[in-house]
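A.B. asks: Sharing a structure below in structure tokens format, with a few things to ask.
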Amino acid sequence: MPREVFVAGQVLTAAELNVVSDQSVMVFAGTAARGSAIPSPTEGMVTYRSDDDLVEVFDGSAFVGVGQGKILQVVSTTKTDTFTTTSGTYTAVTGLSASITPSSTSSKVLVTANFTLSNTIGLNTGQGGAFAQLIRGATPLYLGDSSSSRIQASAGGGIESSTDITNATIVFLDSPNTTSATTYQIEVRRGGGNTVVVGRSGADTDTANNGRFPSSITVMEVAG
């Protein structure tokens with residue numbers, strides 16, 4: 001349907017009034033209210049859903065969001081100190097979390113985390129594992145499948161020596177389906193035993209051969 005151009009004094013027909021409706025942005029609280037008001041939408045209709053702050057266009061078969069995939073907000077946390085734990089279960093890394101409040105339930109959250117893992121003892125003792133998982137609230141995300149006694153993790157693995165460092169990167173697109181404040185956290189645990197270390201080597205000898213490393217977690221709201 002072409003865009004209608006009106007002139008002063010023009011008397012509108014019913015068909016022209018329908019064109020005016022099609023060319024206007026109609027506001028509805030949600031999809032149910034819109035469906036009741038427009039049972040048979042026409043291609044090109046534009047509506048705004050106030051509950052989700054979303055502009056949508058009818059493409060001939062369905063209303064499709066405008067601006068999907070755009071980054072709406074970014075929250076990032078950087079940690080420069082170290083962290084250790086002797087726990088055999090996942091434990092939150094102090095200072096390695098980020099909280100975001102999505103503007104719409106249809107939004108997705110892209111999580112990117114980068115940090116180092118080490119262990120104070122090597123695999124030659126059978127105890128040199130270091131593992132990490134990403135969680136949303138209390139819900140683990142992005143884990144490998146369960147397999148017997150093997151540890152489900154988002155990153156990590158065996159550490160051959162206490163001087164070894166594993167660089168861990170986690171990238172995950174989450175669908176939290178909420179407009180409430182949502183916290184993403186990195187947790188770590190040991191494998192067979194001893195101490196898991198974040199931000200330095202397990203040995204941490206005071207020489208120029210060892211270093212300190214930053215950790216970060218960034219969350220980005222992506223328009224759904």
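By convention here, the chains of the structure tokens are called A, B, ... in the order presented, each chain's residues are numbered starting at 1, and ligands are numbered starting at 1 in the order presented.
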Can you list, as JSON, numbers by chain, every protein, DNA or RNA residue that comes within 7 Å of range 127-137 of chain A when you count only C-alpha atoms, leaving out same-chain residues fewer than 4 positions away?
C.D. replies: {"A": [117, 118, 119, 121, 122, 123, 141, 142, 153, 154, 155, 156, 157, 158, 159, 160, 182, 183, 184, 185, 186, 187, 188, 189, 190, 191, 192, 193, 194, 196]}
A.B. asks: If we count only C-alpha atoms and set the cut-off at 10 Å, which residues sit around Arg34 in chain A, ignoring sequence neighbours fewer than 5 positions away in its own chain? Please answer as JSON, numbers by chain.
C.D. replies: {"A": [26, 27, 28, 29, 39, 41, 47, 48, 49]}
A.B. asks: Since we have the selection now, will you write its residues out, keeping N, CA and C atoms, as a short mmCIF file (atom, residue, chain, number, x, y, z; two decimals), in the first residue's frame?
C.D. replies:
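Okay, this is what ended up in part-v7.cif:
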data_model
loop_
_atom_site.label_atom_id
_atom_site.label_comp_id
_atom_site.auth_asym_id
_atom_site.auth_seq_id
_atom_site.Cartn_x
_atom_site.Cartn_y
_atom_site.Cartn_z
N MET A 26 0.47 2.97 16.51
CA MET A 26 -0.59 2.71 17.49
C MET A 26 0.01 2.12 18.75
N VAL A 27 -0.43 2.59 19.89
CA VAL A 27 0.15 2.20 21.18
C VAL A 27 -0.77 1.21 21.89
N PHE A 28 -0.17 0.09 22.33
CA PHE A 28 -0.91 -0.92 23.08
C PHE A 28 -0.07 -1.37 24.28
N ALA A 29 -0.74 -1.83 25.33
CA ALA A 29 -0.02 -2.29 26.51
C ALA A 29 0.78 -3.55 26.21
N PRO A 39 -7.48 -7.34 14.74
CA PRO A 39 -7.54 -8.78 14.46
C PRO A 39 -6.95 -9.16 13.11
N PRO A 41 -4.26 -7.35 10.90
CA PRO A 41 -3.32 -6.29 10.54
C PRO A 41 -2.91 -6.38 9.07
N THR A 47 3.32 -0.60 15.42
CA THR A 47 2.74 -0.48 16.76
C THR A 47 3.84 -0.35 17.81
N TYR A 48 3.43 0.16 18.96
CA TYR A 48 4.35 0.30 20.09
C TYR A 48 3.75 -0.42 21.28
N ARG A 49 4.54 -1.35 21.88
CA ARG A 49 4.11 -2.08 23.07
C ARG A 49 4.70 -1.40 24.30
#
A.B. asks: In terms of the shortest atom-to-atom distance over only C-alpha atoms, which of A:Leu12, A:Ala223, A:Ala113, A:Ala138 is closest to Thr169 in chain A?
C.D. replies: A:Ala113
A.B. asks: Please identify the strand (DSSP E) residues within range 16-181 of chain A (assignment by DSSP from backbone atoms) and present them as a PyMOL selection string.
C.D. replies: chain A and resi 25-28+46-49+54-58+63-65+71-79+83-85+91-100+108-119+129-136+139-141+155-158+166-174
A.B. asks: Neighbouring residues of Thr195 in chain A were defined as those with any atom within 6 Å, considering only C-alpha atoms; residues of the same chain fewer than 4 positions away were excluded. Please report them as a PyMOL selection string.
C.D. replies: chain A and resi 85-86+119-120
A.B. asks: Could you turn the residues from that selection into a file that holds N, CA and C atoms, as an mmCIF file, in the first residue's frame?
C.D. replies:
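The resulting out-v6.cif:
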data_model
loop_
_atom_site.group_PDB
_atom_site.id
_atom_site.type_symbol
_atom_site.label_atom_id
_atom_site.label_comp_id
_atom_site.auth_asym_id
_atom_site.auth_seq_id
_atom_site.Cartn_x
_atom_site.Cartn_y
_atom_site.Cartn_z
ATOM 1 N N THR A 85 40.759 -20.425 46.753
ATOM 2 C CA THR A 85 39.799 -21.241 47.481
ATOM 3 C C THR A 85 40.282 -22.685 47.506
ATOM 4 N N THR A 86 40.000 -23.372 48.593
ATOM 5 C CA THR A 86 40.311 -24.807 48.707
ATOM 6 C C THR A 86 39.046 -25.643 48.591
ATOM 7 N N ASN A 119 46.659 -23.595 40.051
ATOM 8 C CA ASN A 119 46.505 -24.448 41.221
ATOM 9 C C ASN A 119 47.851 -24.506 41.930
ATOM 10 N N THR A 120 47.835 -24.641 43.245
ATOM 11 C CA THR A 120 49.089 -24.636 43.997
ATOM 12 C C THR A 120 49.823 -25.960 43.947
#
A.B. asks: Any chance you could list, as a ChimeraX atom specification, the residues in range 7-205 of chain A that come up alpha helix (DSSP H) when DSSP is run on the backbone?
C.D. replies: /A:14-23,31-37
A.B. asks: In Å, with one decimal, what is the gap from CA of Asp53 in chain A to CA of Ser106 in chain A?
C.D. replies: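 Value for the CA of Asp53 in chain A-CA of Ser106 in chain A distance: 10.1 Å.
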A.B. asks: What is the distance, in Å and to one decimal place, between CA of Ile170 in chain A and CA of Phe115 in chain A?
C.D. replies: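 Taking CA of Ile170 in chain A as the start and CA of Phe115 in chain A as the end point, the length is 9.0 Å.
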A.B. asks: Write out as CSV the residues of range 62-84 of chain A that have any atom within 12 Å of an atom of range 202-215 of chain A, one row each with the nearest atom pair and its distance in Å to one decimal, counting only C-alpha atoms, sorted by chain and then rising number.
C.D. replies:
residue,atom,partner,partner_atom,distance
A:Ser76,CA,A:Ser215,CA,10.8
A:Thr77,CA,A:Ser215,CA,8.4
A:Thr78,CA,A:Ser215,CA,5.8
A:Lys79,CA,A:Ser215,CA,5.0
A:Thr80,CA,A:Pro214,CA,4.5
A:Asp81,CA,A:Pro214,CA,7.1
A:Thr82,CA,A:Arg212,CA,7.9
A:Phe83,CA,A:Ser215,CA,10.3
A:Thr84,CA,A:Gly202,CA,9.3
A.B. asks: Could you please take those selected residues and save N, CA and C atoms as a short mmCIF file (atom, residue, chain, number, x, y, z; two decimals), in the first residue's frame?
C.D. replies:
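Saved the output as part_29.cif:
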data_model
loop_
_atom_site.label_atom_id
_atom_site.label_comp_id
_atom_site.auth_asym_id
_atom_site.auth_seq_id
_atom_site.Cartn_x
_atom_site.Cartn_y
_atom_site.Cartn_z
N SER A 76 30.19 -3.37 33.27
CA SER A 76 31.44 -4.14 33.33
C SER A 76 32.11 -4.00 34.69
N THR A 77 32.72 -5.09 35.14
CA THR A 77 33.46 -5.11 36.40
C THR A 77 34.87 -5.63 36.13
N THR A 78 35.86 -4.93 36.68
CA THR A 78 37.26 -5.36 36.56
C THR A 78 37.82 -5.65 37.94
N LYS A 79 38.50 -6.78 38.07
CA LYS A 79 39.10 -7.19 39.33
C LYS A 79 40.61 -7.30 39.10
N THR A 80 41.41 -6.63 39.92
CA THR A 80 42.87 -6.65 39.73
C THR A 80 43.60 -7.42 40.83
N ASP A 81 42.89 -7.77 41.91
CA ASP A 81 43.55 -8.55 42.97
C ASP A 81 43.35 -10.04 42.73
N THR A 82 43.90 -10.86 43.60
CA THR A 82 43.84 -12.32 43.42
C THR A 82 42.77 -12.94 44.32
N PHE A 83 42.50 -14.22 44.04
CA PHE A 83 41.49 -14.94 44.83
C PHE A 83 41.93 -16.40 44.94
N THR A 84 41.71 -17.00 46.11
CA THR A 84 42.03 -18.42 46.30
C THR A 84 40.89 -19.12 47.02
#
A.B. asks: Applying 6 Å and only C-alpha atoms, which residues near Thr101 in chain A remain after dropping the ones on its own chain fewer than 5 positions away? List them as a PyMOL selection string.
C.D. replies: chain A and resi 179-182
A.B. asks: Which residue, A:Ser201, A:Gln10, A:Ser104, A:Ser50, has the smallest gap to Gln68 in chain A when you use only C-alpha atoms?
C.D. replies: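 For Gln68 in chain A, the nearest of the given residues is A:Ser104.
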A.B. asks: Please, what distance in Å, to one decimal, runs between CA of Ile165 in chain A and CA of Ser216 in chain A?
C.D. replies: 16.4 Å
